[in-house]
Amino acid sequence: MQKSRPGATASDLQLATTIFECTKCSSSGTLMYYPQMFYHECCFEDDGINSARLMESRYNLTSSSWSAKSLVLSESSSRVAKAIVQACSLDPATTSIRDLDIANPLIECETCKDASRSGLYSGRLFMRWLSAINDTRHHHTHTLSINNFEGERQQILACEPAGNIFGRLRCVYCHKKQFNYVVNLLNHLRFNHSNILRWDPDECTFPLSLAELWTHCYRDPTVKMAFGQQVFRYKPM
Ligand SMILES: [Zn+2]
Ligand SMILES: [Zn+2]
Ligand SMILES: [Zn+2]
Ligand SMILES: [Zn+2]
């Protein structure tokens, strides 16, 4: 990263515009945000390493064989992330992944509208930011429209799968389980961590704001970028 951004510091790792690409397995389009690279198998010299070992070595980088050798900054994805951040009226130089998750912009890929005239693939295509910068469908090279849906927003959101923005979550208090749905995470928090949270079980204020919710969980970094985040179609009547 220092190579392409002289003067970059450790806190720049957490910026939404810092997206890495693995040159060893780039044919499959492996893009990563912080701290996913610390779980990426190509970054471990020992080829025989298994995922249990990876989990064990988390954040304990000095004693592991982790290496950033195969990582480069993804110019195209970082550029798209920057455009998304700016469309949210945020500053690319300071906006973290968490900040962008809280802003949670709605994004349309205009290029992918009406992939086919009939059936499932007709209509306008919408997504959240990780899907927009992810490489699998190359939306990062397409024409994107960001947070610009006055008047239609509610109808578009009605087509979005529930819990779409979160992906695979882990609890910040015990890290143990992976949650596919926010409701499961909330139940887990209520039953296991009420001593920390001091939530009154009779009057919890749900839904929590995104800002509040993200203080209790994080995306499982071992899961591929945008996994569990779906793009969705909206067909105006
Ligand atoms: Zn790789
Ligand atoms: Zn691409
Ligand atoms: Zn597209
Ligand atoms: Zn927990």
# chains A, B, ... in the order shown; residues from 1 in each chain; ligands from 1

call {"tool": "residues_near_ligand", "arguments": {"ligand": "ligand 3", "cutoff": "8 Å", "atoms": "only C-alpha atoms and all ligand atoms", "output": "list of chain:residue names"}}
result
A:Cys109, A:Glu110, A:Thr111, A:Cys112, A:Lys113, A:Leu125, A:Ala132, A:Arg137, A:His138, A:His139, A:His140, A:Thr141, A:His142, A:Thr143, A:Leu144

call {"tool": "residues_around", "arguments": {"residues": "A:Ala158", "least_positions_apart": "5", "cutoff": "12 Å", "atoms": "only C-alpha atoms", "output": "number ranges by chain"}}
result
A: 126, 152-153, 164, 232-236

call {"tool": "write_last_selection", "arguments": {"atoms": "N, CA, C and O atoms", "output": "PDB file, in the first residue's frame"}}
result
ATOM      1  N   PHE A 126     -30.427  -3.002  -8.201  1.00  0.00           N
ATOM      2  CA  PHE A 126     -29.956  -2.246  -7.030  1.00  0.00           C
ATOM      3  C   PHE A 126     -29.068  -3.100  -6.140  1.00  0.00           C
ATOM      4  O   PHE A 126     -29.152  -4.331  -6.158  1.00  0.00           O
ATOM      5  N   GLU A 152     -38.921   7.509  -5.212  1.00  0.00           N
ATOM      6  CA  GLU A 152     -39.049   6.079  -5.507  1.00  0.00           C
ATOM      7  C   GLU A 152     -38.449   5.213  -4.422  1.00  0.00           C
ATOM      8  O   GLU A 152     -38.597   3.985  -4.436  1.00  0.00           O
ATOM      9  N   ARG A 153     -37.723   5.828  -3.519  1.00  0.00           N
ATOM     10  CA  ARG A 153     -36.922   5.096  -2.546  1.00  0.00           C
ATOM     11  C   ARG A 153     -37.700   3.993  -1.803  1.00  0.00           C
ATOM     12  O   ARG A 153     -37.231   2.868  -1.692  1.00  0.00           O
ATOM     13  N   ASN A 164     -30.388  -7.529   4.141  1.00  0.00           N
ATOM     14  CA  ASN A 164     -29.442  -7.609   3.023  1.00  0.00           C
ATOM     15  C   ASN A 164     -28.113  -6.907   3.267  1.00  0.00           C
ATOM     16  O   ASN A 164     -27.092  -7.312   2.738  1.00  0.00           O
ATOM     17  N   PHE A 232     -30.622  -6.764  -6.106  1.00  0.00           N
ATOM     18  CA  PHE A 232     -32.051  -7.050  -6.290  1.00  0.00           C
ATOM     19  C   PHE A 232     -32.656  -6.184  -7.388  1.00  0.00           C
ATOM     20  O   PHE A 232     -32.145  -5.112  -7.695  1.00  0.00           O
ATOM     21  N   ARG A 233     -33.732  -6.712  -7.976  1.00  0.00           N
ATOM     22  CA  ARG A 233     -34.376  -6.021  -9.098  1.00  0.00           C
ATOM     23  C   ARG A 233     -35.610  -5.266  -8.630  1.00  0.00           C
ATOM     24  O   ARG A 233     -36.311  -5.709  -7.729  1.00  0.00           O
ATOM     25  N   TYR A 234     -35.821  -4.152  -9.256  1.00  0.00           N
ATOM     26  CA  TYR A 234     -37.015  -3.354  -8.987  1.00  0.00           C
ATOM     27  C   TYR A 234     -37.693  -3.043 -10.318  1.00  0.00           C
ATOM     28  O   TYR A 234     -37.068  -2.500 -11.230  1.00  0.00           O
ATOM     29  N   LYS A 235     -38.946  -3.455 -10.414  1.00  0.00           N
ATOM     30  CA  LYS A 235     -39.692  -3.190 -11.645  1.00  0.00           C
ATOM     31  C   LYS A 235     -40.805  -2.199 -11.353  1.00  0.00           C
ATOM     32  O   LYS A 235     -41.783  -2.549 -10.696  1.00  0.00           O
ATOM     33  N   PRO A 236     -40.644  -0.963 -11.811  1.00  0.00           N
ATOM     34  CA  PRO A 236     -41.712   0.011 -11.583  1.00  0.00           C
ATOM     35  C   PRO A 236     -42.982  -0.466 -12.299  1.00  0.00           C
ATOM     36  O   PRO A 236     -42.895  -1.023 -13.388  1.00  0.00           O
TER      37      PRO A 236
END

call {"tool": "closest_residue", "arguments": {"among": "A:Asn104, A:Thr30, A:Thr95, A:Ser131", "to": "ligand 1", "atoms": "only C-alpha atoms and all ligand atoms"}}
result
A:Thr30

call {"tool": "select_by_dssp", "arguments": {"residues": "stretch 83-189 of chain A", "states": "strand (DSSP E)", "output": "NGL selection string"}}
result
:A and (107-109 or 124-127 or 144-146 or 169-171 or 178-179)

call {"tool": "closest_residue", "arguments": {"among": "A:Thr17, A:Ser209, A:Thr94, A:Ser67", "to": "A:Val80", "atoms": "only C-alpha atoms"}}
result
A:Thr17

call {"tool": "residues_near_ligand", "arguments": {"ligand": "ligand 1", "cutoff": "8 Å", "atoms": "only C-alpha atoms and all ligand atoms", "output": "CSV table (one decimal) with N, CA and C atoms, in the first residue's frame"}}
result
chain,number,residue,atom,x,y,z
A,21,GLU,N,-6.5,-6.3,-3.5
A,21,GLU,CA,-6.7,-7.4,-4.4
A,21,GLU,C,-5.5,-8.3,-4.3
A,22,CYS,N,-5.8,-9.6,-4.4
A,22,CYS,CA,-4.8,-10.6,-4.3
A,22,CYS,C,-4.3,-11.0,-5.7
A,23,THR,N,-3.0,-10.8,-5.9
A,23,THR,CA,-2.5,-11.1,-7.3
A,23,THR,C,-2.3,-12.6,-7.5
A,24,LYS,N,-2.2,-13.4,-6.4
A,24,LYS,CA,-2.0,-14.8,-6.5
A,24,LYS,C,-3.3,-15.5,-7.0
A,25,CYS,N,-4.4,-15.1,-6.6
A,25,CYS,CA,-5.7,-15.8,-7.0
A,25,CYS,C,-6.6,-14.8,-7.6
A,26,SER,N,-6.1,-13.8,-8.4
A,26,SER,CA,-6.9,-12.7,-8.9
A,26,SER,C,-7.9,-13.2,-10.0
A,30,THR,N,-10.5,-12.0,-6.1
A,30,THR,CA,-10.5,-11.9,-4.7
A,30,THR,C,-10.1,-10.5,-4.2
A,40,HIS,N,-6.7,-14.3,4.7
A,40,HIS,CA,-6.7,-14.8,3.3
A,40,HIS,C,-5.5,-15.8,3.1
A,41,GLU,N,-5.8,-17.0,2.6
A,41,GLU,CA,-4.8,-18.0,2.6
A,41,GLU,C,-3.6,-17.7,1.8
A,42,CYS,N,-3.7,-17.0,0.7
A,42,CYS,CA,-2.5,-16.7,-0.1
A,42,CYS,C,-1.5,-15.9,0.7
A,43,CYS,N,-1.9,-15.2,1.8
A,43,CYS,CA,-1.0,-14.4,2.6
A,43,CYS,C,-0.2,-15.2,3.6
A,70,SER,N,1.5,-10.7,-1.8
A,70,SER,CA,0.6,-10.9,-3.0
A,70,SER,C,-0.5,-9.9,-3.1
A,71,LEU,N,-0.5,-8.9,-2.1
A,71,LEU,CA,-1.6,-7.9,-2.1
A,71,LEU,C,-1.2,-6.6,-2.8

call {"tool": "residues_around", "arguments": {"residues": "A:Leu73", "least_positions_apart": "3", "cutoff": "12 Å", "atoms": "only C-alpha atoms", "output": "MDAnalysis selection string"}}
result
chainID A and resid 1:5 8 12:13 17:23 30:34 37 68:70 76:79

call {"tool": "residues_around", "arguments": {"residues": "A:Asn134", "least_positions_apart": "4", "cutoff": "7 Å", "atoms": "only C-alpha atoms", "output": "mmCIF file with N, CA, C and O atoms, in the first residue's frame"}}
result
data_model
loop_
_atom_site.group_PDB
_atom_site.id
_atom_site.type_symbol
_atom_site.label_atom_id
_atom_site.label_comp_id
_atom_site.auth_asym_id
_atom_site.auth_seq_id
_atom_site.Cartn_x
_atom_site.Cartn_y
_atom_site.Cartn_z
ATOM 1 N N LEU A 31 -11.177 -9.728 -3.846
ATOM 2 C CA LEU A 31 -10.999 -8.392 -3.303
ATOM 3 C C LEU A 31 -11.222 -8.462 -1.803
ATOM 4 O O LEU A 31 -12.007 -9.282 -1.323
ATOM 5 N N LEU A 130 -20.826 -2.907 -0.827
ATOM 6 C CA LEU A 130 -19.847 -3.984 -1.021
ATOM 7 C C LEU A 130 -20.102 -4.737 -2.326
ATOM 8 O O LEU A 130 -19.162 -5.172 -2.992
ATOM 9 N N MET A 225 -15.934 -11.040 0.468
ATOM 10 C CA MET A 225 -16.543 -9.730 0.351
ATOM 11 C C MET A 225 -17.926 -9.816 -0.296
ATOM 12 O O MET A 225 -18.096 -10.495 -1.293
ATOM 13 N N ALA A 226 -18.867 -9.137 0.288
ATOM 14 C CA ALA A 226 -20.233 -9.038 -0.251
ATOM 15 C C ALA A 226 -21.009 -10.343 -0.183
ATOM 16 O O ALA A 226 -22.129 -10.427 -0.668
#
